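This is data30.cif (mmCIF, C-alpha atoms).
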data_final
#
loop_
_atom_site.label_atom_id
_atom_site.label_comp_id
_atom_site.auth_asym_id
_atom_site.auth_seq_id
_atom_site.Cartn_x
_atom_site.Cartn_y
_atom_site.Cartn_z
CA MET A 1 233.65 82.60 22.60
CA ASN A 2 233.65 82.27 18.80
CA GLN A 3 230.33 83.01 17.17
CA ARG A 4 228.99 80.12 15.12
CA ASN A 5 229.15 80.49 11.37
CA TYR A 6 225.82 79.03 10.25
CA GLN A 7 226.58 79.54 6.57
CA ARG A 8 229.74 77.46 6.92
CA GLU A 9 227.76 74.73 8.67
CA LEU A 10 225.21 74.76 5.86
CA ASP A 11 227.95 74.59 3.22
CA ARG A 12 229.37 71.50 4.91
CA ILE A 13 225.98 69.75 4.93
CA LEU A 14 225.35 70.59 1.27
CA THR A 15 228.79 69.31 0.27
CA GLU A 16 227.95 65.98 1.91
CA PHE A 17 224.70 65.78 -0.08
CA GLN A 18 226.58 66.38 -3.32
CA ALA A 19 229.10 63.67 -2.50
CA GLU A 20 226.29 61.21 -1.80
CA ALA A 21 224.28 62.32 -4.86
CA LYS A 22 221.05 62.55 -2.87
CA ALA A 23 218.28 65.16 -2.58
CA PRO A 24 216.65 65.09 0.87
CA ARG A 25 213.18 66.52 1.48
CA LEU A 26 213.13 69.99 3.02
CA PHE A 27 210.14 71.68 4.66
CA LEU A 28 210.82 75.40 4.19
CA HIS A 29 208.91 77.97 6.22
CA SER A 30 208.62 81.12 4.11
CA CYS A 31 207.84 84.59 5.40
CA CYS A 32 207.24 86.04 1.92
CA ALA A 33 208.02 85.60 -1.77
CA PRO A 34 210.91 88.12 -1.92
CA CYS A 35 212.78 86.49 0.96
CA SER A 36 212.16 83.01 -0.41
CA SER A 37 213.39 83.84 -3.91
CA TYR A 38 217.11 83.49 -3.24
CA VAL A 39 216.58 80.64 -0.76
CA LEU A 40 214.69 78.64 -3.39
CA GLU A 41 217.23 79.40 -6.09
CA TYR A 42 220.00 78.28 -3.74
CA LEU A 43 218.52 75.24 -1.99
CA SER A 44 216.52 73.71 -4.84
CA ARG A 45 219.85 72.48 -6.23
CA TYR A 46 220.15 70.20 -3.21
CA PHE A 47 216.62 69.47 -1.91
CA GLU A 48 213.12 68.56 -2.87
CA ILE A 49 211.34 71.47 -1.21
CA THR A 50 207.89 72.12 0.17
CA VAL A 51 207.34 75.82 0.84
CA TYR A 52 205.15 76.33 3.89
CA TYR A 53 203.46 79.71 4.22
CA TYR A 54 202.40 80.03 7.85
CA ASN A 55 202.46 83.63 9.07
CA PRO A 56 199.53 84.39 11.41
CA ASN A 57 201.26 87.62 12.38
CA ILE A 58 200.36 89.25 9.05
CA PHE A 59 197.85 92.12 9.23
CA PRO A 60 195.37 92.68 7.70
CA GLU A 61 193.90 89.60 6.01
CA GLU A 62 194.12 91.23 2.59
CA GLU A 63 197.87 91.57 3.10
CA TYR A 64 198.10 87.89 4.04
CA GLU A 65 196.28 86.80 0.90
CA LYS A 66 198.38 89.11 -1.27
CA ARG A 67 201.59 87.56 0.07
CA VAL A 68 200.25 84.05 -0.42
CA GLU A 69 199.46 84.79 -4.07
CA GLU A 70 202.91 86.29 -4.65
CA GLN A 71 204.52 83.21 -3.15
CA LYS A 72 202.53 80.92 -5.47
CA ARG A 73 203.28 83.10 -8.48
CA LEU A 74 207.01 83.01 -7.78
CA ILE A 75 207.13 79.22 -7.44
CA PHE A 76 205.25 78.85 -10.71
CA ALA A 77 207.58 81.29 -12.49
CA MET A 78 210.95 79.95 -11.30
CA ASP A 79 212.80 76.98 -12.73
CA PHE A 80 214.10 74.40 -10.27
CA ILE A 81 216.43 71.43 -10.47
CA HIS A 82 214.40 69.46 -7.91
CA PRO A 83 210.62 69.69 -7.36
CA VAL A 84 209.17 72.56 -5.31
CA SER A 85 205.63 72.38 -3.92
CA PHE A 86 203.57 74.77 -1.81
CA ILE A 87 201.32 74.65 1.27
CA ALA A 88 199.48 77.75 2.49
CA ALA A 89 198.12 77.64 6.03
CA PRO A 90 194.74 79.22 6.81
CA TYR A 91 194.78 82.78 8.12
CA GLU A 92 194.80 82.45 11.94
CA PRO A 93 195.71 85.84 13.48
CA GLU A 94 194.30 84.81 16.87
CA ALA A 95 197.25 82.39 17.25
CA PHE A 96 199.67 85.32 16.92
CA TYR A 97 197.77 87.56 19.34
CA ARG A 98 197.68 84.79 21.97
CA GLU A 99 201.40 84.20 21.56
CA VAL A 100 202.48 87.83 21.99
CA LYS A 101 199.93 88.91 24.60
CA GLY A 102 201.58 91.35 27.01
CA ARG A 103 204.35 92.14 24.51
CA GLU A 104 202.39 94.47 22.25
CA THR A 105 204.61 97.50 22.95
CA ASP A 106 207.95 95.72 22.57
CA PRO A 107 210.27 97.29 19.99
CA GLU A 108 210.91 95.56 16.68
CA GLY A 109 213.39 92.75 17.17
CA GLY A 110 212.50 92.34 20.85
CA GLU A 111 210.80 89.57 22.79
CA ARG A 112 207.56 89.87 20.83
CA CYS A 113 209.39 89.06 17.60
CA LEU A 114 211.18 86.08 19.19
CA LYS A 115 207.83 84.68 20.29
CA CYS A 116 206.50 85.19 16.78
CA TYR A 117 209.49 83.39 15.26
CA GLU A 118 208.97 80.44 17.56
CA LEU A 119 205.24 80.28 16.82
CA ARG A 120 205.92 79.95 13.10
CA LEU A 121 208.90 77.63 13.40
CA ARG A 122 207.01 75.37 15.81
CA ALA A 123 204.23 74.93 13.27
CA ALA A 124 206.80 74.11 10.60
CA ALA A 125 208.63 71.62 12.83
CA ALA A 126 205.42 69.85 13.80
CA MET A 127 204.28 69.49 10.20
CA ALA A 128 207.74 68.47 8.96
CA ALA A 129 207.94 65.76 11.60
CA GLY A 130 204.39 64.57 10.95
CA LYS A 131 204.98 64.29 7.21
CA GLY A 132 208.37 62.61 7.48
CA TYR A 133 210.60 65.33 6.04
CA ASP A 134 214.36 65.09 6.43
CA TYR A 135 214.85 68.75 7.39
CA PHE A 136 213.00 71.95 8.14
CA THR A 137 214.21 75.54 8.14
CA THR A 138 213.03 79.12 7.55
CA THR A 139 213.72 81.95 5.13
CA LEU A 140 213.73 84.45 8.01
CA THR A 141 217.52 84.46 8.36
CA ILE A 142 217.87 86.27 5.03
CA SER A 143 216.71 89.54 6.58
CA PRO A 144 219.46 91.93 7.75
CA LEU A 145 217.05 92.96 10.52
CA LYS A 146 216.72 89.46 12.03
CA ARG A 147 219.31 87.68 14.14
CA ALA A 148 220.34 84.39 12.61
CA ASP A 149 221.75 83.15 15.92
CA ARG A 150 218.40 83.43 17.70
CA LEU A 151 216.49 81.86 14.81
CA ASN A 152 218.92 78.94 14.66
CA GLU A 153 218.73 78.48 18.43
CA ILE A 154 214.93 78.27 18.23
CA GLY A 155 215.08 75.90 15.27
CA GLU A 156 217.55 73.55 16.94
CA ARG A 157 215.53 73.44 20.15
CA LEU A 158 212.36 72.59 18.22
CA ALA A 159 214.26 69.98 16.19
CA ALA A 160 215.13 68.16 19.40
CA GLU A 161 211.53 68.46 20.61
CA TYR A 162 209.90 67.17 17.41
CA GLY A 163 212.56 64.75 16.21
CA VAL A 164 213.22 66.31 12.80
CA ALA A 165 216.55 67.87 11.76
CA PHE A 166 216.84 71.65 11.51
CA LEU A 167 218.89 72.99 8.59
CA PRO A 168 221.17 75.77 9.90
CA SER A 169 221.26 78.95 7.88
CA ASP A 170 222.26 82.56 7.61
CA PHE A 171 220.88 83.24 4.15
CA LYS A 172 221.95 86.88 4.14
CA LYS A 173 225.54 85.62 3.74
CA LYS A 174 227.09 85.22 0.27
CA ASN A 175 225.13 88.31 -0.77
CA GLY A 176 221.90 86.38 -0.25
CA TYR A 177 219.86 89.43 0.67
CA LYS A 178 221.27 91.36 -2.30
CA ARG A 179 220.35 88.47 -4.60
CA SER A 180 216.81 88.38 -3.19
CA VAL A 181 216.40 92.05 -4.12
CA GLU A 182 217.63 91.31 -7.65
CA LEU A 183 215.26 88.36 -8.03
CA SER A 184 212.35 90.42 -6.69
CA GLU A 185 212.99 92.97 -9.42
CA GLU A 186 213.42 90.26 -12.05
CA TYR A 187 210.07 88.64 -11.21
CA GLY A 188 208.27 91.89 -10.37
CA LEU A 189 207.50 90.77 -6.82
CA TYR A 190 205.48 92.81 -4.36
CA ARG A 191 207.86 93.91 -1.59
CA GLN A 192 206.04 94.96 1.56
CA ASP A 193 207.34 97.95 3.53
CA TYR A 194 206.68 96.53 7.01
CA CYS A 195 207.40 93.17 8.63
CA GLY A 196 203.78 92.14 8.64
CA CYS A 197 202.11 92.49 12.02
CA VAL A 198 199.85 95.29 13.16
CA TYR A 199 202.53 96.49 15.60
CA SER A 200 205.29 96.76 12.99
CA ARG A 201 202.84 98.50 10.70
CA GLY A 202 202.08 101.03 13.43
CA GLN A 203 205.75 101.67 14.12
CA ARG A 204 206.38 102.16 10.41
CA ALA A 205 203.57 104.73 10.27
CA LYS A 206 205.15 106.67 13.14
#
How would this structure read if it were set down as structure tokens?
Amino acid sequence: MNQRNYQRELDRILTEFQAEAKAPRLFLHSCCAPCSSYVLEYLSRYFEITVYYYNPNIFPEEEYEKRVEEQKRLIFAMDFIHPVSFIAAPYEPEAFYREVKGRETDPEGGERCLKCYELRLRAAAAMAAGKGYDYFTTTLTISPLKRADRLNEIGERLAAEYGVAFLPSDFKKKNGYKRSVELSEEYGLYRQDYCGCVYSRGQRAK
């Protein structure tokens, strides 16, 4: 079975937008400013974007607030072809702990992480549908440590459930991750050294 090429699928969609000279509205879940940097540079040529910061997995609260502020600072500092706005969700760690209960000792990238991805993407899909956006997607596929196929599977399943289109992606392609590192240096962004949750932080410490 041939593995799907999500970047090729995205390229095809963007080419259609260019041909039609339209800029649909995209609801973009962001995990952090560094990961969103390249995604915003790339997609703001084609979409009007709302960046949605919903990451109840982040620990501790001070880390959450620090990442929110970096996300806002980046959006203010960058230049965009189409408008980019920002929504920060309240800090709700209890939602994460409920979601991953019983999976606390899973390794990074295991079932606990998949549940966390779905928690965040579900919130994005629900809000995108409720506010009438054309598409939703996530910056998470830019990470070399995260499987784009599983993230796209979750996104497409939620798209069918909520009735809003999911934009396929594998943002690490086309040197996307490399570009995000360059942009992080250019804008002096804070780059965290753990995924965000208390469990990843503990594994990093070990």
query: Just so the selection is clear, what residues does the PyMOL selection byres ((chain A and resi 165-172) around 8) cover here, as a list in words?
result: Tyr6, Gln7, Glu9, Leu10, Val39, Asp134, Tyr135, Phe136, Thr137, Thr139, Thr141, Ile142, Ser143, Pro144, Ala148, Asn152, Gly155, Glu156, Ala159, Ala160, Gly163, Val164, Lys173, Lys174, Asn175, Gly176, Tyr177 and Lys178 of chain A
If we draw a sphere of 8 Å around (205.0, 91.6, -1.5), which residues have at least one atom in it when counting all atoms listed in the file? Please report them as a PDB file with C-alpha atoms, in the frame of the given file.
ATOM      1  CA  CYS A  32     207.240  86.040   1.920  1.00  0.00           C
ATOM      2  CA  ALA A  33     208.020  85.600  -1.770  1.00  0.00           C
ATOM      3  CA  PRO A  34     210.910  88.120  -1.920  1.00  0.00           C
ATOM      4  CA  LYS A  66     198.380  89.110  -1.270  1.00  0.00           C
ATOM      5  CA  ARG A  67     201.590  87.560   0.070  1.00  0.00           C
ATOM      6  CA  GLU A  70     202.910  86.290  -4.650  1.00  0.00           C
ATOM      7  CA  LEU A 189     207.500  90.770  -6.820  1.00  0.00           C
ATOM      8  CA  TYR A 190     205.480  92.810  -4.360  1.00  0.00           C
ATOM      9  CA  ARG A 191     207.860  93.910  -1.590  1.00  0.00           C
ATOM     10  CA  GLN A 192     206.040  94.960   1.560  1.00  0.00           C
TER      11      GLN A 192
END
statement: With distances taken over all atoms listed in the file, the candidate from A:Ala89, A:Leu145, A:Cys35, A:Leu151 nearest Lys115 in chain A is A:Leu151
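Closest approach to Val181 in chain A among A:Ser37, A:Thr105, A:Thr138, A:Ser200 is made by A:Ser37 (distances from all atoms listed in the file).
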Counting only C-alpha atoms, the residue of A:Ala125, A:Cys31, A:Ala19, A:Leu43 that sits nearest Ala88 in chain A: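 Counting only C-alpha atoms, the residue closest to Ala88 in chain A is A:Cys31.
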